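So this block is final.csv, CSV, C-alpha atoms:
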chain,number,residue,atom,x,y,z
A,1,MET,CA,0.0,0.0,0.0
A,2,GLU,CA,1.1,3.6,-0.6
A,3,ASN,CA,2.4,5.3,2.5
A,4,TYR,CA,2.3,9.0,3.2
A,5,GLU,CA,5.7,9.7,1.8
A,6,ASN,CA,5.0,7.9,-1.4
A,7,TYR,CA,1.6,9.7,-1.5
A,8,ARG,CA,3.5,13.1,-1.4
A,9,LEU,CA,5.7,12.1,-4.3
A,10,ASN,CA,3.0,10.5,-6.4
A,11,HIS,CA,0.6,13.4,-6.0
A,12,ARG,CA,3.2,16.1,-6.3
A,13,GLN,CA,2.0,18.1,-9.3
A,14,SER,CA,3.9,19.9,-12.0
A,15,PRO,CA,3.3,23.6,-12.7
A,16,GLU,CA,1.6,22.5,-16.0
A,17,THR,CA,-1.0,20.3,-14.2
A,18,LYS,CA,-2.2,22.8,-11.6
A,19,ASN,CA,-5.1,20.6,-10.5
A,20,PRO,CA,-6.8,22.4,-7.6
A,21,ILE,CA,-7.2,21.0,-4.1
A,22,ILE,CA,-10.3,21.8,-2.1
A,23,PHE,CA,-10.4,21.8,1.7
A,24,TYR,CA,-13.9,21.6,3.2
A,25,ASP,CA,-15.0,22.3,6.8
A,26,VAL,CA,-17.5,19.5,7.5
A,27,ASP,CA,-20.1,20.5,10.0
A,28,GLY,CA,-22.2,23.3,8.7
A,29,THR,CA,-20.4,23.4,5.4
A,30,LEU,CA,-20.7,20.0,3.9
A,31,ALA,CA,-23.6,18.8,6.0
A,32,GLU,CA,-25.5,19.4,9.2
A,33,PRO,CA,-23.6,17.9,12.3
A,34,PHE,CA,-23.4,14.1,12.2
A,35,GLU,CA,-25.5,14.0,9.0
A,36,SER,CA,-24.6,13.0,5.4
A,37,PRO,CA,-24.3,15.7,2.7
A,38,PRO,CA,-27.3,16.1,0.5
A,39,SER,CA,-27.5,13.9,-2.6
A,40,GLU,CA,-26.8,16.7,-5.1
A,41,LEU,CA,-23.7,17.6,-3.2
A,42,LYS,CA,-22.5,14.0,-3.0
A,43,LYS,CA,-22.8,13.8,-6.8
A,44,LEU,CA,-20.7,16.9,-7.2
A,45,LEU,CA,-18.0,15.6,-4.9
A,46,VAL,CA,-17.8,12.3,-6.8
A,47,ALA,CA,-17.6,14.2,-10.1
A,48,LEU,CA,-14.8,16.5,-8.8
A,49,ASP,CA,-12.9,13.4,-7.6
A,50,GLU,CA,-13.2,11.8,-11.0
A,51,MET,CA,-12.0,15.0,-12.6
A,52,GLY,CA,-8.8,14.8,-10.6
A,53,VAL,CA,-9.6,17.4,-7.9
A,54,ILE,CA,-8.1,16.5,-4.5
A,55,GLN,CA,-10.7,17.1,-1.8
A,56,VAL,CA,-9.7,17.1,1.9
A,57,LEU,CA,-12.3,17.0,4.8
A,58,CYS,CA,-11.4,19.3,7.8
A,59,SER,CA,-13.2,19.2,11.1
A,60,GLY,CA,-13.0,19.3,14.9
A,61,LYS,CA,-14.2,15.6,14.8
A,62,ASN,CA,-11.8,12.8,15.4
A,63,HIS,CA,-9.8,11.3,12.5
A,64,GLU,CA,-11.7,8.0,12.4
A,65,TYR,CA,-15.0,9.7,11.9
A,66,LEU,CA,-13.7,11.8,9.1
A,67,ALA,CA,-12.0,8.8,7.5
A,68,GLY,CA,-15.3,7.0,7.5
A,69,LEU,CA,-17.0,10.0,5.9
A,70,ALA,CA,-14.3,10.3,3.2
A,71,ARG,CA,-14.8,6.6,2.3
A,72,GLY,CA,-18.5,7.0,2.2
A,73,LEU,CA,-18.2,9.9,-0.2
A,74,SER,CA,-15.9,7.9,-2.4
A,75,LEU,CA,-13.1,10.5,-2.3
A,76,LYS,CA,-10.4,8.3,-3.9
A,77,LYS,CA,-8.1,11.0,-5.2
A,78,SER,CA,-7.0,12.0,-1.6
A,79,ASN,CA,-5.7,9.9,1.2
A,80,LEU,CA,-6.0,12.7,3.8
A,81,VAL,CA,-8.3,14.3,6.3
A,82,ILE,CA,-7.5,17.1,8.8
A,83,ALA,CA,-9.0,16.2,12.2
A,84,GLU,CA,-9.3,17.8,15.7
A,85,ASN,CA,-9.4,21.4,14.3
A,86,GLY,CA,-5.9,20.9,12.7
A,87,ALA,CA,-4.2,18.9,15.4
A,88,VAL,CA,-4.1,15.7,13.4
A,89,ILE,CA,-3.5,14.9,9.7
A,90,PHE,CA,-4.6,11.3,8.9
A,91,ASP,CA,-3.6,9.3,5.9
A,92,TRP,CA,-6.8,7.1,6.1
A,93,LYS,CA,-5.9,4.7,3.4
A,94,ASN,CA,-2.6,3.7,5.1
A,95,LEU,CA,-3.7,4.4,8.7
A,96,LYS,CA,-0.9,6.9,9.3
A,97,VAL,CA,-1.5,9.5,12.0
A,98,ILE,CA,0.5,12.8,11.9
A,99,ASN,CA,0.1,14.6,15.2
A,100,LEU,CA,0.9,18.3,15.0
A,101,VAL,CA,0.7,18.9,18.8
A,102,GLU,CA,4.2,18.7,20.3
A,103,ASP,CA,3.3,18.3,23.9
A,104,ILE,CA,0.3,16.0,24.6
A,105,GLU,CA,1.6,14.6,27.9
A,106,LYS,CA,-0.3,17.1,30.0
A,107,LEU,CA,-3.6,16.4,28.3
A,108,SER,CA,-4.7,13.9,30.9
A,109,GLU,CA,-4.3,16.3,33.8
A,110,ILE,CA,-6.1,19.1,31.9
A,111,ARG,CA,-8.9,16.7,31.1
A,112,ARG,CA,-9.2,15.8,34.8
A,113,GLN,CA,-9.3,19.5,35.8
A,114,SER,CA,-11.8,20.3,33.2
A,115,ARG,CA,-14.2,17.6,34.3
A,116,ASP,CA,-13.8,18.7,37.9
A,117,HIS,CA,-14.8,22.3,36.9
A,118,LEU,CA,-17.7,21.2,34.7
A,119,ALA,CA,-19.0,18.6,37.2
A,120,GLU,CA,-22.5,17.6,36.3
A,121,ARG,CA,-22.7,19.8,33.2
A,122,VAL,CA,-21.0,17.4,30.8
A,123,LEU,CA,-23.1,15.2,28.6
A,124,TYR,CA,-20.1,13.4,27.2
A,125,GLU,CA,-16.5,13.9,26.0
A,126,GLU,CA,-15.7,13.2,22.4
A,127,PRO,CA,-12.6,10.9,22.1
A,128,LYS,CA,-9.7,12.9,20.7
A,129,LEU,CA,-5.9,12.4,20.5
A,130,SER,CA,-4.6,15.9,20.9
A,131,ILE,CA,-7.4,18.3,21.9
A,132,LEU,CA,-10.3,18.1,24.4
A,133,THR,CA,-14.0,18.3,23.4
A,134,PHE,CA,-16.8,18.3,25.9
A,135,PHE,CA,-20.5,18.4,25.0
A,136,LEU,CA,-22.4,20.4,27.7
A,137,LEU,CA,-26.0,20.7,28.9
A,138,GLU,CA,-25.9,24.4,28.1
A,139,ARG,CA,-23.6,26.8,26.4
A,140,ILE,CA,-20.4,27.5,28.4
A,141,GLU,CA,-21.1,31.3,28.3
A,142,MET,CA,-24.2,30.6,30.5
A,143,LEU,CA,-22.2,28.9,33.2
A,144,GLY,CA,-21.0,32.0,35.0
A,145,ARG,CA,-18.1,31.1,37.4
A,146,THR,CA,-17.6,27.7,35.7
A,147,HIS,CA,-16.9,29.5,32.4
A,148,GLN,CA,-14.4,31.7,34.2
A,149,LYS,CA,-12.6,28.7,35.7
A,150,ILE,CA,-12.4,26.9,32.3
A,151,LYS,CA,-11.2,30.1,30.6
A,152,LYS,CA,-8.4,30.5,33.3
A,153,LEU,CA,-7.5,26.8,32.9
A,154,ALA,CA,-7.1,27.4,29.1
A,155,ASP,CA,-5.1,30.6,29.6
A,156,ASP,CA,-2.8,28.9,32.2
A,157,ASN,CA,-2.0,26.0,29.9
A,158,ASN,CA,-1.6,27.9,26.6
A,159,LEU,CA,-4.9,26.6,25.2
A,160,GLN,CA,-7.5,28.1,23.0
A,161,LEU,CA,-11.1,27.8,24.2
A,162,PHE,CA,-13.9,27.6,21.5
A,163,SER,CA,-17.6,27.4,22.2
A,164,ASN,CA,-19.7,25.9,19.4
A,165,ASN,CA,-23.4,26.2,18.5
A,166,ASP,CA,-24.1,22.5,19.3
A,167,GLY,CA,-23.1,23.0,22.9
A,168,ALA,CA,-19.6,21.7,22.6
A,169,ILE,CA,-16.5,23.3,23.8
A,170,ASP,CA,-13.0,22.7,22.5
A,171,LEU,CA,-9.7,23.1,24.3
A,172,ILE,CA,-7.0,23.4,21.7
A,173,PRO,CA,-3.2,24.1,22.0
A,174,ASN,CA,-2.3,27.6,20.8
A,175,GLY,CA,-0.9,27.5,17.2
A,176,ILE,CA,-3.1,24.6,16.3
A,177,ASN,CA,-5.8,25.4,13.7
A,178,LYS,CA,-7.1,24.2,10.3
A,179,GLY,CA,-5.1,26.8,8.5
A,180,ASN,CA,-1.7,25.6,9.7
A,181,ALA,CA,-2.6,22.0,9.0
A,182,ILE,CA,-3.6,23.0,5.5
A,183,ARG,CA,-0.3,24.8,5.0
A,184,ARG,CA,1.5,21.6,6.0
A,185,VAL,CA,-0.5,19.5,3.5
A,186,ILE,CA,0.0,21.8,0.5
A,187,LEU,CA,3.7,22.2,1.3
A,188,ASP,CA,4.1,18.4,1.5
A,189,LEU,CA,2.2,18.0,-1.8
A,190,GLY,CA,4.3,20.6,-3.6
A,191,LEU,CA,1.3,22.9,-4.2
A,192,SER,CA,1.0,26.7,-4.1
A,193,GLU,CA,-1.9,28.7,-2.7
A,194,LYS,CA,-3.0,29.4,-6.3
A,195,GLU,CA,-4.2,25.9,-6.5
A,196,VAL,CA,-6.0,25.9,-3.1
A,197,ILE,CA,-9.7,26.5,-2.4
A,198,THR,CA,-11.0,26.6,1.2
A,199,CYS,CA,-14.6,26.4,2.3
A,200,GLY,CA,-15.9,27.2,5.8
A,201,ASP,CA,-18.8,28.7,7.7
A,202,SER,CA,-17.7,29.2,11.4
A,203,MET,CA,-15.3,31.3,13.3
A,204,ASN,CA,-12.9,28.4,13.9
A,205,ASP,CA,-12.6,28.2,10.1
A,206,MET,CA,-11.1,31.7,10.0
A,207,ALA,CA,-7.5,30.5,9.7
A,208,MET,CA,-8.3,28.2,6.8
A,209,LEU,CA,-10.2,30.9,4.9
A,210,GLU,CA,-7.0,33.0,5.0
A,211,ILE,CA,-5.5,30.5,2.5
A,212,GLY,CA,-6.0,30.2,-1.2
A,213,TYR,CA,-9.4,31.1,-2.7
A,214,PRO,CA,-11.9,31.2,0.2
A,215,ILE,CA,-15.6,30.3,0.0
A,216,THR,CA,-18.2,31.1,2.7
A,217,PHE,CA,-21.9,31.9,2.9
A,218,SER,CA,-24.3,34.8,3.4
A,219,ASN,CA,-25.6,33.7,6.8
A,220,VAL,CA,-22.2,33.4,8.6
A,221,HIS,CA,-20.6,35.8,11.1
A,222,PRO,CA,-19.8,39.2,9.6
A,223,ASP,CA,-16.1,38.8,10.4
A,224,LEU,CA,-16.0,35.8,8.0
A,225,ILE,CA,-17.8,37.7,5.3
A,226,ASP,CA,-15.4,40.7,5.7
A,227,LEU,CA,-12.4,38.3,5.4
A,228,VAL,CA,-13.6,36.6,2.3
A,229,LYS,CA,-14.5,39.9,0.7
A,230,ALA,CA,-11.1,41.3,1.5
A,231,ARG,CA,-9.5,38.2,-0.1
A,232,GLN,CA,-11.8,38.4,-3.2
A,233,GLY,CA,-13.3,35.0,-2.5
A,234,TYR,CA,-16.9,33.8,-3.1
A,235,ILE,CA,-19.8,34.4,-0.7
A,236,ALA,CA,-22.7,32.1,-1.6
A,237,ARG,CA,-26.2,33.6,-1.4
A,238,GLN,CA,-27.6,30.3,0.0
A,239,PRO,CA,-26.6,28.9,3.3
A,240,ALA,CA,-24.5,25.7,3.3
A,241,PRO,CA,-24.6,23.0,2.2
A,242,GLU,CA,-26.8,24.1,-0.7
A,243,GLY,CA,-24.6,27.2,-1.0
A,244,LEU,CA,-21.5,25.1,-1.5
A,245,ILE,CA,-23.1,23.7,-4.7
A,246,GLU,CA,-23.7,27.2,-5.8
A,247,ALA,CA,-20.1,28.3,-5.0
A,248,ILE,CA,-18.4,25.3,-6.7
A,249,SER,CA,-20.8,25.8,-9.7
A,250,ASN,CA,-19.4,29.3,-10.2
A,251,LEU,CA,-15.7,28.3,-9.9
A,252,SER,CA,-15.7,27.8,-13.7
A,253,GLU,CA,-16.1,31.6,-14.0
A,254,ILE,CA,-12.8,32.2,-12.1
A,255,ARG,CA,-9.8,32.6,-14.3
A,256,ASN,CA,-7.4,30.3,-12.4
A,257,PHE,CA,-9.9,27.4,-12.3
A,258,GLU,CA,-11.9,27.6,-15.5
A,259,ASN,CA,-10.3,24.5,-17.0
A,260,HIS,CA,-11.3,22.3,-14.1
A,261,PHE,CA,-14.9,23.0,-13.3
A,262,TYR,CA,-16.8,23.3,-16.6
A,263,ARG,CA,-17.6,19.6,-16.7
A,264,LEU,CA,-19.7,19.5,-13.5
A,265,PRO,CA,-22.9,17.4,-13.6
A,266,ILE,CA,-24.8,19.8,-11.3
A,267,ALA,CA,-24.7,23.6,-11.2
A,268,HIS,CA,-26.6,26.2,-9.3
A,269,ARG,CA,-26.9,29.6,-10.9
A,270,PRO,CA,-28.5,32.9,-9.9
A,271,TRP,CA,-31.4,32.0,-12.2
A,272,GLY,CA,-31.9,28.4,-11.0
A,273,MET,CA,-30.1,25.2,-11.6
A,274,TRP,CA,-29.3,22.4,-14.0
A,275,GLU,CA,-28.4,18.7,-13.6
A,276,VAL,CA,-27.0,16.3,-16.2
A,277,LEU,CA,-29.4,13.3,-16.5
A,278,ALA,CA,-27.6,11.3,-19.2
A,279,THR,CA,-24.7,11.5,-21.7
A,280,GLY,CA,-23.6,9.5,-24.6
A,281,PRO,CA,-21.8,9.8,-28.0
A,282,GLY,CA,-23.1,13.1,-29.5
A,283,PHE,CA,-25.8,13.8,-26.9
A,284,LYS,CA,-26.3,15.2,-23.4
A,285,ILE,CA,-29.7,15.4,-21.5
A,286,LYS,CA,-30.2,18.0,-18.7
A,287,ARG,CA,-33.0,19.0,-16.4
A,288,MET,CA,-33.1,22.8,-16.0
A,289,ILE,CA,-35.1,24.8,-13.5
A,290,VAL,CA,-35.5,28.6,-14.0
A,291,GLU,CA,-36.9,30.3,-11.0
A,292,PRO,CA,-39.8,32.7,-11.2
A,293,GLY,CA,-38.8,36.2,-12.5
A,294,HIS,CA,-35.4,35.0,-13.8
A,295,ARG,CA,-33.8,34.6,-17.2
A,296,LEU,CA,-30.6,33.2,-18.7
A,297,SER,CA,-28.1,35.4,-20.6
A,298,LEU,CA,-28.4,35.9,-24.4
A,299,GLN,CA,-26.0,33.4,-25.8
A,300,MET,CA,-25.1,31.1,-28.7
A,301,HIS,CA,-23.4,27.7,-29.2
A,302,LYS,CA,-20.9,27.0,-32.0
A,303,PHE,CA,-20.9,23.2,-31.7
A,304,ARG,CA,-24.3,22.0,-30.5
A,305,SER,CA,-28.0,22.4,-31.1
A,306,GLU,CA,-30.5,22.3,-28.2
A,307,HIS,CA,-34.0,20.9,-28.0
A,308,TRP,CA,-36.1,22.0,-25.1
A,309,PHE,CA,-39.1,20.2,-23.8
A,310,ILE,CA,-41.2,22.3,-21.4
A,311,PHE,CA,-41.9,19.9,-18.6
A,312,GLY,CA,-43.6,22.5,-16.3
A,313,GLY,CA,-44.4,26.1,-16.5
A,314,LYS,CA,-44.4,28.5,-19.4
A,315,ALA,CA,-41.3,29.8,-21.2
A,316,GLN,CA,-40.6,33.0,-23.1
A,317,VAL,CA,-38.0,32.1,-25.7
A,318,THR,CA,-35.8,34.4,-27.8
A,319,ARG,CA,-34.6,32.5,-30.9
A,320,GLY,CA,-32.7,34.7,-33.4
A,321,ASP,CA,-35.2,37.4,-34.4
A,322,GLU,CA,-38.2,35.4,-33.0
A,323,ASP,CA,-40.0,35.9,-29.6
A,324,LEU,CA,-41.9,32.7,-28.7
A,325,ILE,CA,-44.2,31.5,-25.9
A,326,ILE,CA,-43.7,27.8,-25.3
A,327,LEU,CA,-46.2,26.1,-23.1
A,328,GLU,CA,-46.1,23.0,-20.9
A,329,ASN,CA,-45.6,19.8,-23.0
A,330,GLU,CA,-44.4,21.8,-26.0
A,331,THR,CA,-40.9,21.8,-27.5
A,332,VAL,CA,-38.6,24.2,-29.3
A,333,THR,CA,-35.4,23.6,-31.2
A,334,ILE,CA,-32.4,26.0,-31.0
A,335,PRO,CA,-29.9,25.4,-34.0
A,336,LYS,CA,-26.2,26.0,-33.7
A,337,ASN,CA,-24.9,29.5,-34.1
A,338,VAL,CA,-28.3,31.1,-33.3
A,339,LYS,CA,-28.6,33.6,-30.5
A,340,HIS,CA,-31.2,32.5,-27.9
A,341,ARG,CA,-32.5,33.2,-24.4
A,342,ILE,CA,-35.1,31.7,-22.1
A,343,LYS,CA,-37.1,33.7,-19.5
A,344,ASN,CA,-39.6,32.8,-16.8
A,345,LYS,CA,-41.8,35.8,-16.0
A,346,ASN,CA,-44.4,33.6,-14.2
A,347,GLU,CA,-44.9,32.8,-10.6
A,348,LYS,CA,-44.3,29.0,-11.1
A,349,LYS,CA,-40.9,27.4,-11.6
A,350,LEU,CA,-40.1,26.7,-15.2
A,351,ILE,CA,-38.8,23.1,-15.7
A,352,ILE,CA,-37.1,22.2,-18.9
A,353,ILE,CA,-35.7,18.9,-20.2
A,354,GLU,CA,-32.9,19.9,-22.6
A,355,THR,CA,-31.3,17.6,-25.1
A,356,GLN,CA,-28.0,18.8,-26.6
A,357,LEU,CA,-26.8,17.3,-29.9
A,358,GLY,CA,-23.3,17.8,-31.3
A,359,ASP,CA,-19.7,16.7,-31.5
A,360,TYR,CA,-18.6,18.9,-28.6
A,361,LEU,CA,-20.9,19.2,-25.6
A,362,GLU,CA,-18.9,20.8,-22.8
A,363,GLU,CA,-20.1,23.9,-20.8
A,364,ASP,CA,-17.4,26.2,-22.3
A,365,ASP,CA,-19.2,26.1,-25.7
A,366,ILE,CA,-21.0,29.4,-24.9
A,367,VAL,CA,-20.7,32.7,-26.6
A,368,ARG,CA,-22.4,35.4,-24.5
A,369,PHE,CA,-23.8,38.6,-25.8
A,370,GLU,CA,-24.6,40.1,-22.5
A,371,ASP,CA,-22.3,39.9,-19.5
A,372,ASP,CA,-25.0,40.0,-16.9
A,373,TYR,CA,-25.3,38.2,-13.6
A,374,ASN,CA,-27.7,35.5,-14.8
A,375,ARG,CA,-24.9,33.3,-16.2
A,376,ARG,CA,-25.8,30.0,-17.9

Let me see the structure of the file written as C-alpha cells.
Amino acid sequence: MENYENYRLNHRQSPETKNPIIFYDVDGTLAEPFESPPSELKKLLVALDEMGVIQVLCSGKNHEYLAGLARGLSLKKSNLVIAENGAVIFDWKNLKVINLVEDIEKLSEIRRQSRDHLAERVLYEEPKLSILTFFLLERIEMLGRTHQKIKKLADDNNLQLFSNNDGAIDLIPNGINKGNAIRRVILDLGLSEKEVITCGDSMNDMAMLEIGYPITFSNVHPDLIDLVKARQGYIARQPAPEGLIEAISNLSEIRNFENHFYRLPIAHRPWGMWEVLATGPGFKIKRMIVEPGHRLSLQMHKFRSEHWFIFGGKAQVTRGDEDLIILENETVTIPKNVKHRIKNKNEKKLIIIETQLGDYLEEDDIVRFEDDYNRR
C-alpha cells in the first residue's frame, strides 16, 4: 500500500498540471452535524474526484469519523483528512496519523481538571488524540463562574477555548488550527496557494479561509464575510450545504480554475439550476429549473444544437429574431450559431428537459452577448 511519503511524491504536481485542491470544513459546510451531505452535493464531490480534484475534509471531529465520511463519499483522489481542528492529519488509506501537537503529555491532567470544573454539566466527552472536546447541557457562556474557571485553565495552559453552537467546547493548544494544517499539507504535496480552495462557515474556520481562494456563505458571522470579501473570494447567497453547490458551480467563472470546473454534472446559478441526467456519444440530456422572474443570458453555441421540452411552467424564448411563448408539454429547437435566451416571467418554476446534440458538448461552448449576472 502507498504510504504517506509515497503519497506526497505520487501526488506532487507539475506547474503545468495545476489541479486544484479543495479543503472543506465538514459540520455546517458539507452537512449538518453528524448528517450526510445532500445527494446533489454528493454527486458533485464524486464528479470532482473523477476530474482529478483533490478534496480534503477538515473538522473538529476525530480522525476515524472523518475517514469513514471520506470513504462514504468515495473520495479516492485524496488519502488525507484534517481532524481535531488541525491537530491531526490522517492518511486514512494507510492508517498513518501525523500529530501536529508537540506536547500532549499534560492532556490527561487538563482533562481531569476540566471535568472537575464542569462537574454535572458534561453530557459526554468526544474521544480525541490531541485536543479536548466536551458536550455540555448548556452553552459555556451561560455557566458563570464555571466559564471563568475553564477560561483560566485554558489561559494557564496555553490553550484556546472555543464554544460551538451545538453545545460543545474545545480546548486546543495555541498555534493549532485548520489553516496551519492546510499549509502543512500543501507544502508536503508541492502545491502553491494558487491551486487551493478553502470552504468554511464558522469562526474556527477563519484560519483556513486566510489561505487560497476562500468560500463562505451569506448567513455566517460578519467577520468571516469581511475576510472573504477582502481576499476576493466567493460568498454564496444560499446557506451551506446548498450554498456550497452554488459556489463550486461558479468556480468555472474564475480565471485560475476555468479549465477544471466546466464539466460539473450539477450547477446552481442565480437564475436556478441544471443537472445532467444522461450523456452519450453526441448527446447530453439535462434537467433545468428557471426560478420565477429570472432569465438566462443571451447566448449562442458553436458546436451544438439544443432541443427544449417544457416539462412544467411557461417559457418566453428568444430565438434569433423570434420571440416565442412555449407552453407545458411543448418543444422548441435551437440550432447551432443562433442567438437565444429563455425567460420565466411567471410565478411558477419553469422546468425544462434539454437535449444537446453535437460533436462537442462541454459547458465552455457558450458565446455570451450580455455579460450580466444570470450566467448559464

**Request:** Tell me which protein, DNA and RNA residues are within 8 Å of Ile325 in chain A, counting only C-alpha atoms, leaving out same-chain ones fewer than 5 positions away, and put them as a PyMOL selection string.
**Result:** chain A and resi 314-317

**Asked** So which residues fall inside 6 Å of (-38.2, 19.1, -24.8) if we count only C-alpha atoms? Mind giving them as a ChimeraX atom specification?
**Response** /A:307-310,331,353-354

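Taking CA of Glu84 in chain A and CA of Met142 in chain A as endpoints, the distance between them is 24.6 Å.
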
**Request:** Within 10 Å of (-10.0, 27.1, 11.8) (coordinates as in the file), grab all the protein and nucleic acid residues, counting all atoms listed in the file, and write them out as a ChimeraX atom specification.
**Result:** /A:25,58-60,85-86,176-182,200-210

Print the selection's residues with C-alpha atoms to a file, as an mmCIF file, in the frame of the given file.
data_model
loop_
_atom_site.group_PDB
_atom_site.id
_atom_site.type_symbol
_atom_site.label_atom_id
_atom_site.label_comp_id
_atom_site.auth_asym_id
_atom_site.auth_seq_id
_atom_site.Cartn_x
_atom_site.Cartn_y
_atom_site.Cartn_z
ATOM 1 C CA ASP A 25 -15.000 22.300 6.800
ATOM 2 C CA CYS A 58 -11.400 19.300 7.800
ATOM 3 C CA SER A 59 -13.200 19.200 11.100
ATOM 4 C CA GLY A 60 -13.000 19.300 14.900
ATOM 5 C CA ASN A 85 -9.400 21.400 14.300
ATOM 6 C CA GLY A 86 -5.900 20.900 12.700
ATOM 7 C CA ILE A 176 -3.100 24.600 16.300
ATOM 8 C CA ASN A 177 -5.800 25.400 13.700
ATOM 9 C CA LYS A 178 -7.100 24.200 10.300
ATOM 10 C CA GLY A 179 -5.100 26.800 8.500
ATOM 11 C CA ASN A 180 -1.700 25.600 9.700
ATOM 12 C CA ALA A 181 -2.600 22.000 9.000
ATOM 13 C CA ILE A 182 -3.600 23.000 5.500
ATOM 14 C CA GLY A 200 -15.900 27.200 5.800
ATOM 15 C CA ASP A 201 -18.800 28.700 7.700
ATOM 16 C CA SER A 202 -17.700 29.200 11.400
ATOM 17 C CA MET A 203 -15.300 31.300 13.300
ATOM 18 C CA ASN A 204 -12.900 28.400 13.900
ATOM 19 C CA ASP A 205 -12.600 28.200 10.100
ATOM 20 C CA MET A 206 -11.100 31.700 10.000
ATOM 21 C CA ALA A 207 -7.500 30.500 9.700
ATOM 22 C CA MET A 208 -8.300 28.200 6.800
ATOM 23 C CA LEU A 209 -10.200 30.900 4.900
ATOM 24 C CA GLU A 210 -7.000 33.000 5.000
#

**Message:** Between CA of Leu123 in chain A and CA of Leu137 in chain A, what is the distance in Å, rounded to a tenth?
**Reply:**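 Computed distance, CA of Leu123 in chain A to CA of Leu137 in chain A, equals 6.2 Å.
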
**Asked** Taking all atoms listed in the file into account, which of A:Thr279, A:Thr216, A:Asn174, A:Ser192 comes nearest Tyr360 in chain A?
**Response**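 The shortest atom-to-atom distance to Tyr360 in chain A comes from A:Thr279.
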
**Request:** Would you mind reading off the distance between CA of Ile326 in chain A and CA of Met288 in chain A, one decimal, in Å?
**Result:** 15.0 Å

Compile a residue-level contact table for range 27-90 of chain A against range 223-247 of chain A at a cut-off of 8 Å, reporting for every qualifying residue the shortest atom pair and its distance in Å to one decimal, with all atoms listed in the file counted, rows ordered by chain and ascending number, as a tab-separated table.
residue	atom	partner	partner_atom	distance
A:Gly28	CA	A:Ala240	CA	6.3
A:Thr29	CA	A:Ala240	CA	5.1
A:Leu30	CA	A:Pro241	CA	5.2
A:Ala31	CA	A:Pro241	CA	5.8
A:Glu32	CA	A:Pro241	CA	7.9
A:Pro37	CA	A:Pro241	CA	7.3
A:Pro38	CA	A:Pro241	CA	7.6
A:Glu40	CA	A:Ile245	CA	7.9
A:Leu41	CA	A:Ile245	CA	6.3
A:Leu44	CA	A:Ile245	CA	7.6

Which residues come within 9 Å of range 88-105 of chain A, counting all atoms listed in the file, excluding same-chain residues fewer than 4 positions away, as a PDB file with C-alpha atoms, in the frame of the given file?
ATOM      1  CA  MET A   1       0.000   0.000   0.000  1.00  0.00           C
ATOM      2  CA  GLU A   2       1.100   3.600  -0.600  1.00  0.00           C
ATOM      3  CA  ASN A   3       2.400   5.300   2.500  1.00  0.00           C
ATOM      4  CA  TYR A   4       2.300   9.000   3.200  1.00  0.00           C
ATOM      5  CA  ASN A  62     -11.800  12.800  15.400  1.00  0.00           C
ATOM      6  CA  HIS A  63      -9.800  11.300  12.500  1.00  0.00           C
ATOM      7  CA  GLU A  64     -11.700   8.000  12.400  1.00  0.00           C
ATOM      8  CA  LEU A  66     -13.700  11.800   9.100  1.00  0.00           C
ATOM      9  CA  ALA A  67     -12.000   8.800   7.500  1.00  0.00           C
ATOM     10  CA  GLY A  68     -15.300   7.000   7.500  1.00  0.00           C
ATOM     11  CA  ALA A  70     -14.300  10.300   3.200  1.00  0.00           C
ATOM     12  CA  ARG A  71     -14.800   6.600   2.300  1.00  0.00           C
ATOM     13  CA  SER A  78      -7.000  12.000  -1.600  1.00  0.00           C
ATOM     14  CA  ASN A  79      -5.700   9.900   1.200  1.00  0.00           C
ATOM     15  CA  LEU A  80      -6.000  12.700   3.800  1.00  0.00           C
ATOM     16  CA  VAL A  81      -8.300  14.300   6.300  1.00  0.00           C
ATOM     17  CA  ILE A  82      -7.500  17.100   8.800  1.00  0.00           C
ATOM     18  CA  ALA A  83      -9.000  16.200  12.200  1.00  0.00           C
ATOM     19  CA  GLU A  84      -9.300  17.800  15.700  1.00  0.00           C
ATOM     20  CA  GLU A 109      -4.300  16.300  33.800  1.00  0.00           C
ATOM     21  CA  LEU A 129      -5.900  12.400  20.500  1.00  0.00           C
ATOM     22  CA  SER A 130      -4.600  15.900  20.900  1.00  0.00           C
ATOM     23  CA  ILE A 131      -7.400  18.300  21.900  1.00  0.00           C
ATOM     24  CA  PRO A 173      -3.200  24.100  22.000  1.00  0.00           C
ATOM     25  CA  GLY A 175      -0.900  27.500  17.200  1.00  0.00           C
ATOM     26  CA  ILE A 176      -3.100  24.600  16.300  1.00  0.00           C
ATOM     27  CA  ALA A 181      -2.600  22.000   9.000  1.00  0.00           C
ATOM     28  CA  VAL A 185      -0.500  19.500   3.500  1.00  0.00           C
TER      29      VAL A 185
END

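When all atoms listed in the file are used to compute distances to Asn157 in chain A, the closest of the residues A:Leu75, A:Ile172, A:Val276, A:Leu187 turns out to be A:Ile172.
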
**Message:** Given all atoms listed in the file as the basis, pick out the residue of A:Lys348, A:Lys194, A:Lys286, A:Ala168 nearest to Ile254 in chain A.
**Reply:**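 Once distances to Ile254 in chain A are computed over all atoms listed in the file, the minimum belongs to A:Lys194.
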
If I only have part of range 288-293 of chain A, can you fill in N, CA and C atoms and write it as an mmCIF file, keeping the file's coordinate frame?
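Contents of out_5.cif, as written:
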data_model
loop_
_atom_site.group_PDB
_atom_site.id
_atom_site.type_symbol
_atom_site.label_atom_id
_atom_site.label_comp_id
_atom_site.auth_asym_id
_atom_site.auth_seq_id
_atom_site.Cartn_x
_atom_site.Cartn_y
_atom_site.Cartn_z
ATOM 1 N N MET A 288 -33.335 21.380 -16.324
ATOM 2 C CA MET A 288 -33.100 22.800 -16.000
ATOM 3 C C MET A 288 -34.278 23.334 -15.208
ATOM 4 N N ILE A 289 -34.022 24.124 -14.190
ATOM 5 C CA ILE A 289 -35.100 24.800 -13.500
ATOM 6 C C ILE A 289 -34.761 26.319 -13.486
ATOM 7 N N VAL A 290 -35.680 27.115 -14.037
ATOM 8 C CA VAL A 290 -35.500 28.600 -14.000
ATOM 9 C C VAL A 290 -36.534 29.117 -13.019
ATOM 10 N N GLU A 291 -36.027 29.814 -12.036
ATOM 11 C CA GLU A 291 -36.900 30.300 -11.000
ATOM 12 C C GLU A 291 -37.778 31.459 -11.475
ATOM 13 N N PRO A 292 -38.939 31.665 -10.833
ATOM 14 C CA PRO A 292 -39.800 32.700 -11.200
ATOM 15 C C PRO A 292 -39.148 34.099 -11.297
ATOM 16 N N GLY A 293 -39.391 34.837 -12.391
ATOM 17 C CA GLY A 293 -38.800 36.200 -12.500
ATOM 18 C C GLY A 293 -37.390 36.201 -13.022
#
